[in-house]
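protein10.txt, holding compact mmCIF, C-alpha atoms and all ligand atoms:
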```txt
# COMPACT_ATOMS: atom_id res chain seq x y z
CA MET A 1181 99.33 -131.94 23.60
CA LEU A 1182 99.31 -135.68 23.61
CA ASP A 1183 102.85 -136.40 22.52
CA ALA A 1184 105.07 -134.26 24.73
CA PRO A 1185 104.98 -134.03 28.50
CA GLU A 1186 105.05 -130.47 29.74
CA GLU A 1187 105.85 -129.07 33.15
CA GLY A 1188 102.80 -127.61 34.85
CA ASP A 1189 100.15 -129.16 32.63
CA PRO A 1190 96.93 -129.21 34.66
CA THR A 1191 95.88 -132.63 35.86
CA PRO A 1192 93.23 -133.80 33.40
CA SER A 1193 89.82 -134.27 34.95
CA LEU A 1194 88.06 -137.53 34.27
CA VAL A 1195 84.48 -137.96 33.16
CA THR A 1196 82.06 -139.75 35.42
CA TYR A 1197 82.64 -143.44 35.13
CA LYS A 1198 79.88 -145.97 35.70
CA ARG A 1199 81.87 -149.17 35.24
CA VAL A 1200 85.64 -149.58 35.34
CA LEU A 1201 88.23 -152.34 35.29
CA LEU A 1202 91.17 -152.24 37.68
CA LYS A 1203 94.30 -154.05 36.48
CA ILE A 1204 97.05 -154.79 38.96
CA SER A 1205 100.11 -156.93 38.46
CA GLY A 1206 100.75 -159.92 40.66
CA GLU A 1207 103.87 -158.17 41.93
CA ALA A 1208 101.69 -155.47 43.47
CA LEU A 1209 100.45 -158.11 45.94
CA MET A 1210 103.93 -159.05 47.17
CA GLY A 1211 104.41 -155.99 49.38
CA THR A 1212 107.94 -156.15 50.73
CA GLN A 1213 108.23 -159.88 50.02
CA GLN A 1214 110.04 -161.42 47.06
CA PHE A 1215 107.27 -163.86 46.22
CA GLY A 1216 103.60 -164.65 46.80
CA LEU A 1217 100.89 -162.69 48.55
CA HIS A 1218 101.46 -160.27 51.42
CA PRO A 1219 98.12 -160.22 53.29
CA PRO A 1220 98.33 -156.59 54.55
CA THR A 1221 99.07 -155.41 50.99
CA VAL A 1222 96.18 -157.43 49.58
CA GLU A 1223 93.93 -155.94 52.28
CA ARG A 1224 95.03 -152.39 51.40
CA ILE A 1225 94.13 -152.93 47.74
CA ALA A 1226 90.83 -154.53 48.76
CA ALA A 1227 90.06 -151.43 50.84
CA GLN A 1228 90.66 -149.27 47.74
CA VAL A 1229 88.26 -151.44 45.75
CA LYS A 1230 85.65 -151.12 48.50
CA ALA A 1231 86.05 -147.33 48.67
CA LEU A 1232 85.59 -147.12 44.90
CA HIS A 1233 82.59 -149.45 44.94
CA ASP A 1234 81.04 -147.37 47.73
CA THR A 1235 80.93 -144.39 45.35
CA GLY A 1236 78.51 -146.34 43.14
CA VAL A 1237 80.96 -147.43 40.44
CA GLU A 1238 80.73 -151.02 39.16
CA VAL A 1239 84.12 -152.67 39.52
CA CYS A 1240 85.89 -155.39 37.53
CA LEU A 1241 89.33 -156.63 38.50
CA VAL A 1242 92.12 -158.41 36.63
CA ILE A 1243 95.16 -159.47 38.64
CA GLY A 1244 98.38 -160.77 37.09
CA GLY A 1245 100.36 -163.75 38.30
CA GLY A 1246 103.94 -162.50 38.20
CA ASN A 1247 104.32 -162.77 41.98
CA ILE A 1248 103.98 -166.55 41.61
CA PHE A 1249 104.87 -167.59 38.06
CA ARG A 1250 105.47 -166.08 34.61
CA GLY A 1251 105.41 -168.20 31.48
CA LEU A 1252 108.40 -166.48 29.92
CA GLN A 1253 110.56 -167.24 32.96
CA GLY A 1254 109.49 -170.86 32.91
CA SER A 1255 110.28 -171.23 29.22
CA ALA A 1256 113.68 -169.53 29.71
CA GLN A 1257 114.42 -172.31 32.20
CA GLY A 1258 113.66 -174.96 29.58
CA MET A 1259 109.96 -175.53 30.16
CA GLU A 1260 107.63 -175.87 27.22
CA ARG A 1261 106.19 -172.36 26.67
CA THR A 1262 102.52 -173.23 26.57
CA THR A 1263 102.80 -175.35 29.73
CA ALA A 1264 104.61 -172.51 31.46
CA ASP A 1265 101.90 -170.07 30.34
CA TYR A 1266 99.17 -172.32 31.75
CA MET A 1267 101.07 -172.32 35.05
CA GLY A 1268 101.10 -168.52 34.88
CA MET A 1269 97.34 -168.48 34.26
CA LEU A 1270 96.78 -170.78 37.26
CA ALA A 1271 98.86 -168.36 39.35
CA THR A 1272 96.37 -165.60 38.51
CA VAL A 1273 93.56 -167.78 39.86
CA MET A 1274 95.37 -168.08 43.20
CA ASN A 1275 95.76 -164.30 43.35
CA ALA A 1276 92.11 -163.80 42.41
CA LEU A 1277 90.99 -166.11 45.24
CA GLY A 1278 93.25 -164.26 47.69
CA MET A 1279 91.79 -160.93 46.61
CA GLN A 1280 88.24 -162.32 46.74
CA GLY A 1281 88.69 -163.26 50.40
CA ALA A 1282 90.02 -159.81 51.25
CA ILE A 1283 87.24 -157.94 49.43
CA GLU A 1284 84.49 -160.15 50.88
CA GLY A 1285 86.03 -159.59 54.31
CA LEU A 1286 85.03 -155.95 53.82
CA GLY A 1287 81.42 -156.90 53.18
CA LEU A 1288 81.19 -156.78 49.38
CA GLN A 1289 79.88 -159.58 47.19
CA THR A 1290 82.32 -160.87 44.60
CA ARG A 1291 82.68 -163.52 41.93
CA VAL A 1292 85.91 -165.03 40.66
CA ILE A 1293 85.34 -165.79 36.98
CA SER A 1294 87.90 -167.92 35.22
CA ALA A 1295 88.72 -168.10 31.52
CA ILE A 1296 89.65 -171.75 32.17
CA PRO A 1297 86.71 -173.66 33.68
CA MET A 1298 87.36 -175.04 37.16
CA ASP A 1299 83.88 -175.41 38.54
CA GLN A 1300 84.81 -176.47 42.06
CA VAL A 1301 86.90 -173.33 42.50
CA CYS A 1302 85.13 -170.50 40.70
CA GLU A 1303 82.70 -169.62 37.92
CA PRO A 1304 83.46 -170.14 34.25
CA TYR A 1305 83.48 -167.01 32.11
CA ILE A 1306 80.08 -166.37 30.56
CA ARG A 1307 79.87 -162.77 29.40
CA ARG A 1308 76.18 -162.18 30.02
CA ARG A 1309 76.37 -163.70 33.47
CA ALA A 1310 79.33 -161.51 34.36
CA VAL A 1311 77.44 -158.39 33.22
CA ARG A 1312 74.53 -159.43 35.45
CA HIS A 1313 76.86 -159.77 38.46
CA LEU A 1314 78.10 -156.24 37.89
CA GLU A 1315 74.55 -154.92 37.61
CA LYS A 1316 73.78 -156.56 40.96
CA GLY A 1317 76.72 -154.75 42.55
CA ARG A 1318 79.11 -157.70 42.72
CA VAL A 1319 82.80 -157.15 42.09
CA CYS A 1320 83.90 -159.42 39.22
CA ILE A 1321 87.46 -160.72 39.47
CA PHE A 1322 88.48 -162.13 36.09
CA ALA A 1323 91.05 -164.90 36.46
CA ALA A 1324 93.20 -167.13 34.21
CA GLY A 1325 93.93 -164.29 31.80
CA THR A 1326 92.47 -164.80 28.35
CA GLY A 1327 92.66 -168.58 28.77
CA ASN A 1328 95.28 -168.71 25.99
CA PRO A 1329 99.04 -169.04 26.13
CA TYR A 1330 101.24 -166.33 24.57
CA PHE A 1331 99.06 -163.58 26.06
CA THR A 1332 99.40 -161.50 29.21
CA THR A 1333 96.96 -160.31 31.82
CA ASP A 1334 97.29 -156.78 30.38
CA THR A 1335 95.65 -158.08 27.22
CA ALA A 1336 93.13 -160.01 29.31
CA ALA A 1337 92.28 -156.77 31.14
CA THR A 1338 91.70 -154.92 27.87
CA LEU A 1339 89.66 -157.79 26.47
CA ARG A 1340 87.41 -158.11 29.52
CA ALA A 1341 87.04 -154.32 29.85
CA SER A 1342 85.89 -154.22 26.22
CA GLU A 1343 83.49 -157.14 26.66
CA MET A 1344 82.03 -155.65 29.86
CA SER A 1345 81.65 -152.22 28.18
CA CYS A 1346 83.80 -150.61 30.85
CA ASP A 1347 84.35 -146.87 30.56
CA ALA A 1348 88.07 -147.17 31.28
CA ILE A 1349 90.89 -149.37 32.53
CA PHE A 1350 92.69 -148.22 35.67
CA LYS A 1351 96.20 -149.61 35.77
CA GLY A 1352 97.62 -149.46 39.29
CA THR A 1353 101.44 -149.37 39.32
CA GLN A 1354 104.41 -148.37 41.50
CA VAL A 1355 104.66 -144.94 39.80
CA ASP A 1356 102.18 -142.10 39.37
CA GLY A 1357 101.76 -142.24 35.61
CA VAL A 1358 103.58 -142.71 32.32
CA TYR A 1359 107.06 -141.21 31.92
CA ASP A 1360 109.22 -140.72 28.83
CA SER A 1361 111.92 -142.82 30.55
CA ASP A 1362 112.18 -144.84 33.75
CA PRO A 1363 111.80 -142.32 36.62
CA LYS A 1364 113.57 -144.73 38.98
CA LYS A 1365 116.70 -144.58 36.78
CA ASN A 1366 116.46 -141.12 35.21
CA PRO A 1367 115.82 -138.21 37.61
CA ASP A 1368 114.99 -135.98 34.59
CA ALA A 1369 112.25 -138.30 33.32
CA LYS A 1370 109.14 -136.33 32.33
CA ARG A 1371 105.64 -137.46 33.23
CA TYR A 1372 102.79 -137.23 30.75
CA ASP A 1373 99.37 -136.03 31.91
CA ARG A 1374 97.92 -137.29 28.64
CA VAL A 1375 99.49 -139.42 25.95
CA SER A 1376 98.11 -141.11 22.85
CA TYR A 1377 98.07 -144.86 22.25
CA ASP A 1378 100.22 -144.31 19.15
CA ILE A 1379 102.94 -142.45 21.05
CA VAL A 1380 102.96 -145.20 23.70
CA LEU A 1381 103.46 -147.77 20.94
CA GLN A 1382 105.99 -145.75 18.92
CA LYS A 1383 108.14 -144.86 21.94
CA ASN A 1384 107.60 -148.22 23.59
CA LEU A 1385 106.57 -146.47 26.82
CA LYS A 1386 106.06 -148.82 29.74
CA VAL A 1387 102.30 -148.85 30.21
CA MET A 1388 101.00 -152.24 29.11
CA ASP A 1389 102.27 -154.62 26.46
CA ALA A 1390 101.77 -153.66 22.82
CA SER A 1391 98.86 -156.03 22.10
CA ALA A 1392 96.94 -154.62 25.07
CA ILE A 1393 97.57 -151.02 23.95
CA ALA A 1394 96.53 -151.80 20.38
CA LEU A 1395 93.33 -153.51 21.56
CA ALA A 1396 92.49 -150.56 23.83
CA ARG A 1397 93.13 -148.16 20.94
CA ASP A 1398 90.96 -150.14 18.55
CA ASN A 1399 88.11 -150.15 21.07
CA GLY A 1400 88.56 -146.52 22.18
CA LEU A 1401 89.15 -147.61 25.78
CA PRO A 1402 91.09 -145.05 27.87
CA ILE A 1403 93.82 -146.39 30.17
CA ILE A 1404 94.45 -144.43 33.36
CA VAL A 1405 97.85 -145.18 34.91
CA PHE A 1406 98.19 -144.30 38.60
CA ALA A 1407 100.21 -145.24 41.68
CA LEU A 1408 98.62 -147.77 44.01
CA ASP A 1409 99.94 -145.72 46.94
CA GLU A 1410 98.39 -142.47 45.62
CA PRO A 1411 97.12 -140.70 48.78
CA CYS A 1412 93.63 -140.00 47.43
CA GLY A 1413 93.26 -143.67 46.49
CA LEU A 1414 91.56 -145.27 43.54
CA ALA A 1415 88.22 -143.69 44.52
CA GLY A 1416 89.84 -140.24 44.26
CA ILE A 1417 91.62 -141.04 40.99
CA VAL A 1418 88.33 -142.12 39.39
CA GLN A 1419 86.97 -138.67 40.30
CA GLY A 1420 89.94 -136.97 38.61
CA LYS A 1421 91.85 -136.19 41.84
CA GLY A 1422 95.54 -136.92 42.46
CA ARG A 1423 98.17 -137.70 39.85
CA PHE A 1424 97.76 -140.01 36.90
CA THR A 1425 98.27 -140.28 33.14
CA ILE A 1426 95.46 -140.89 30.66
CA VAL A 1427 96.30 -142.91 27.56
CA GLU A 1428 93.72 -142.06 24.90
CA PRO A 1429 93.31 -141.26 21.19
CA GLY A 1430 95.71 -138.62 19.82
N1 LIG A 1501 99.20 -165.78 30.84
C1 LIG A 1501 98.86 -166.39 29.65
N2 LIG A 1501 97.75 -165.95 28.96
C2 LIG A 1501 97.00 -164.91 29.40
C3 LIG A 1501 97.37 -164.27 30.60
C4 LIG A 1501 98.47 -164.73 31.30
O1 LIG A 1501 99.52 -167.31 29.20
O2 LIG A 1501 95.99 -164.57 28.75
C5 LIG A 1501 100.34 -166.31 31.63
C6 LIG A 1501 101.68 -165.84 31.14
O3 LIG A 1501 102.59 -166.90 31.28
C7 LIG A 1501 102.03 -164.74 32.12
C8 LIG A 1501 101.43 -165.26 33.40
O4 LIG A 1501 100.22 -165.88 32.98
O5 LIG A 1501 103.42 -164.56 32.26
C9 LIG A 1501 101.12 -164.23 34.44
O6 LIG A 1501 100.49 -163.10 33.86
P1 LIG A 1501 101.24 -161.69 33.73
O7 LIG A 1501 102.67 -161.90 33.35
O8 LIG A 1501 100.44 -160.85 32.80
O9 LIG A 1501 101.16 -161.15 35.21
P2 LIG A 1501 101.63 -159.75 35.82
O10 LIG A 1501 102.91 -159.34 35.14
O11 LIG A 1501 100.55 -158.75 35.53
O12 LIG A 1501 101.79 -160.02 37.29
```
Can I see the file as structure tokens?
Ligand code: UDP
Amino acid sequence: MLDAPEEGDPTPSLVTYKRVLLKISGEALMGTQQFGLHPPTVERIAAQVKALHDTGVEVCLVIGGGNIFRGLQGSAQGMERTTADYMGMLATVMNALGMQGAIEGLGLQTRVISAIPMDQVCEPYIRRRAVRHLEKGRVCIFAAGTGNPYFTTDTAATLRASEMSCDAIFKGTQVDGVYDSDPKKNPDAKRYDRVSYDIVLQKNLKVMDASAIALARDNGLPIIVFALDEPCGLAGIVQGKGRFTIVEPG
């Protein structure tokens, strides 16, 4: 059943994925800090990316910017919204560069690819070139969101995953899947093993923002929600181990 979580549902097993996109929020890089990047946390996530890549899966990454700046917060403080959104997009570039250093420190090749050209810093986004990087085994870190204000990096993740023909989006969070209410506030919250895009939208479940969910639905792109501290790691999750929720057609 896709619309009602049930106790004891078996963990769904995932198909074999060849190419995936990992989406993590900027906040996931803060560790115990209130702001910015926490190097040991960045290194832990980089190690998960390396472990996944070592299994032969091609890996794309989209990282948010909320640990540094969010457009909505800026505009609530009186800033012009589009300017604030560009600041948010620039924050994602900083995070992407931080993650690039950590992943390359583990011996992988990477490219930071920005939706807003900044040639001295990273590559501009050219779809065919990005595909080629993936084919050569490089990890592609897509930065600057979609390059447009009024969007989020969740939508950027869905867009890039669609353009790169990824098999799925893996959304790393603080919790081990999608619940019918906030498990941190409601001890009786029920976790879904599987849930449809439409139920996520109807019930406004906290997975990704609505435009990202709708885009994933329209492109038939599954979203796998898992905890970044899941013991079997991203490499295990991609093989169907551990706990996660799959968002997919109903
Ligand atoms: N942003 C944007 N267009 C995009 C992606 C991001 O304007 O395509 C801006 C927006 O202001 C957003 C900020 O960048 O608040 C940081 O991204 P996001 O909030 O998605 O980061 P996360 O919550 O994942 O850390």
Notebook entry, point to check: Counting only C-alpha atoms and all ligand atoms, which of A:Val1311, A:Ala1392, A:Leu1385, A:Val1237 gets nearest to ligand LIG 1501 (chain A)?
Noted result: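 Nearest candidate to ligand LIG 1501 (chain A) out of A:Val1311, A:Ala1392, A:Leu1385, A:Val1237: A:Ala1392.
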Report, as AutoDock Vina command-line options, the centre and edge lengths in Å (one decimal) of the axis-aligned box enclosing every listed atom of ligand LIG 1501 (chain A), padded by 4 Å on each side.
```
--center_x 99.7 --center_y -163.0 --center_z 33.0 --size_x 15.4 --size_y 16.6 --size_z 16.5
```
Item checked: Of the listed residues A:Tyr1377, A:Phe1215, A:Phe1249, A:Tyr1197, that which approaches ligand LIG 1501 (chain A) most closely, counting only C-alpha atoms and all ligand atoms -> A:Phe1249
Margin query: Around ligand LIG 1501 (chain A), out to 9 Å and counting all atoms listed in the file, which residues are there? I want them as an NGL selection string.
Written below: :A and (1203-1209 or 1242-1254 or 1261-1272 or 1295 or 1323-1337)
Next item on the list: Would you mind listing what lies within 7 Å of A:Ile1321 as a list in words, with all atoms listed in the file counted and same-chain residues fewer than 6 positions away left out?
Entry: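 Surrounding residues, per the criterion: Cys1240, Leu1241, Val1242, Ala1276, Arg1291, Val1292 and Ile1293 of chain A.
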Next item on the list: Write out as a PyMOL selection string which residues come within 9 Å of A:Ala1341 when counting all atoms listed in the file, dropping same-chain ones fewer than 5 positions away.
Entry: chain A and resi 1200-1201+1240+1336+1346-1349+1396+1401
How would the residues just picked look written out with C-alpha atoms as a JSON list (two decimals), in the frame of the given file?
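Generated output (again-v2.json):
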```json
[["chain", "number", "residue", "atom", "x", "y", "z"],
["A", 1200, "VAL", "CA", 85.64, -149.58, 35.34],
["A", 1201, "LEU", "CA", 88.23, -152.34, 35.29],
["A", 1240, "CYS", "CA", 85.89, -155.39, 37.53],
["A", 1336, "ALA", "CA", 93.13, -160.01, 29.31],
["A", 1346, "CYS", "CA", 83.80, -150.61, 30.85],
["A", 1347, "ASP", "CA", 84.35, -146.87, 30.56],
["A", 1348, "ALA", "CA", 88.07, -147.17, 31.28],
["A", 1349, "ILE", "CA", 90.89, -149.37, 32.53],
["A", 1396, "ALA", "CA", 92.49, -150.56, 23.83],
["A", 1401, "LEU", "CA", 89.15, -147.61, 25.78]]
```
Notebook entry, point to check: Which residue out of A:Leu1314, A:Leu1288, A:Cys1302, A:Val1239 has the minimum interatomic distance to A:Val1273 when only C-alpha atoms are used?
Noted result: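 For A:Val1273, the nearest of the candidates is A:Cys1302.
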Item checked: d(atom CA of A:Thr1290, atom CA of A:Cys1320) in Å -> 5.8 Å
Item checked: For A:Gly1287, the nearest of the candidates A:Ala1231, A:Leu1381, A:Ile1426, A:Met1210, counting only C-alpha atoms ->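 Closest to A:Gly1287, using only C-alpha atoms: A:Ala1231.
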Notebook entry, point to check: Hey, which of A:Thr1196, A:Thr1338, A:Gln1280, A:Ser1255 ends up closest to A:Glu1223? Count all atoms listed in the file.
Noted result: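 Among A:Thr1196, A:Thr1338, A:Gln1280, A:Ser1255, it is A:Gln1280 that comes nearest to A:Glu1223.
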Next item on the list: For atom CA of A:Arg1318 and atom CA of A:His1233, quote the distance in Å rounded to one decimal.
Entry: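 Computed distance, atom CA of A:Arg1318 to atom CA of A:His1233, equals 9.2 Å.
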Next item on the list: Could you check which of A:Gly1430, A:Leu1408, A:Gly1357, A:Leu1339 is closest to A:Ser1391, using all atoms listed in the file?
Entry: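 Among the listed residues, A:Leu1339 lies closest to A:Ser1391.
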Margin query: I'd like the interatomic distance between atom CA of A:Ile1403 and atom CA of A:Val1380, to a tenth of an Å.
Written below: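 Taking atom CA of A:Ile1403 and atom CA of A:Val1380, their separation equals 11.3 Å.
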Next item on the list: List the residues sitting within 9 Å of (90.1, -142.9, 16.5) in the file's frame, using all atoms listed in the file, as a list in words.
Entry: Arg1397, Asp1398, Asn1399, Gly1400, Pro1429 and Gly1430 of chain A
Residue subset to file, keeping C-alpha atoms, as a PDB file, in the coordinates of the input:
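Ended up saving to part-v7.pdb:
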```
ATOM      1  CA  ARG A1397      93.130-148.160  20.940  1.00  0.00           C
ATOM      2  CA  ASP A1398      90.960-150.140  18.550  1.00  0.00           C
ATOM      3  CA  ASN A1399      88.110-150.150  21.070  1.00  0.00           C
ATOM      4  CA  GLY A1400      88.560-146.520  22.180  1.00  0.00           C
ATOM      5  CA  PRO A1429      93.310-141.260  21.190  1.00  0.00           C
ATOM      6  CA  GLY A1430      95.710-138.620  19.820  1.00  0.00           C
TER       7      GLY A1430
END
```
Can you tell me, as a short mmCIF file (atom, residue, chain, number, x, y, z; two decimals) with C-alpha atoms, in the coordinates of the input, what residues are no more than 8 Å from A:Val1229 when counting all atoms listed in the file, ignoring any on the same chain fewer than 5 positions away?
```cif
data_model
loop_
_atom_site.label_atom_id
_atom_site.label_comp_id
_atom_site.auth_asym_id
_atom_site.auth_seq_id
_atom_site.Cartn_x
_atom_site.Cartn_y
_atom_site.Cartn_z
CA VAL A 1239 84.12 -152.67 39.52
CA ILE A 1283 87.24 -157.94 49.43
CA LEU A 1414 91.56 -145.27 43.54
CA ALA A 1415 88.22 -143.69 44.52
#
```
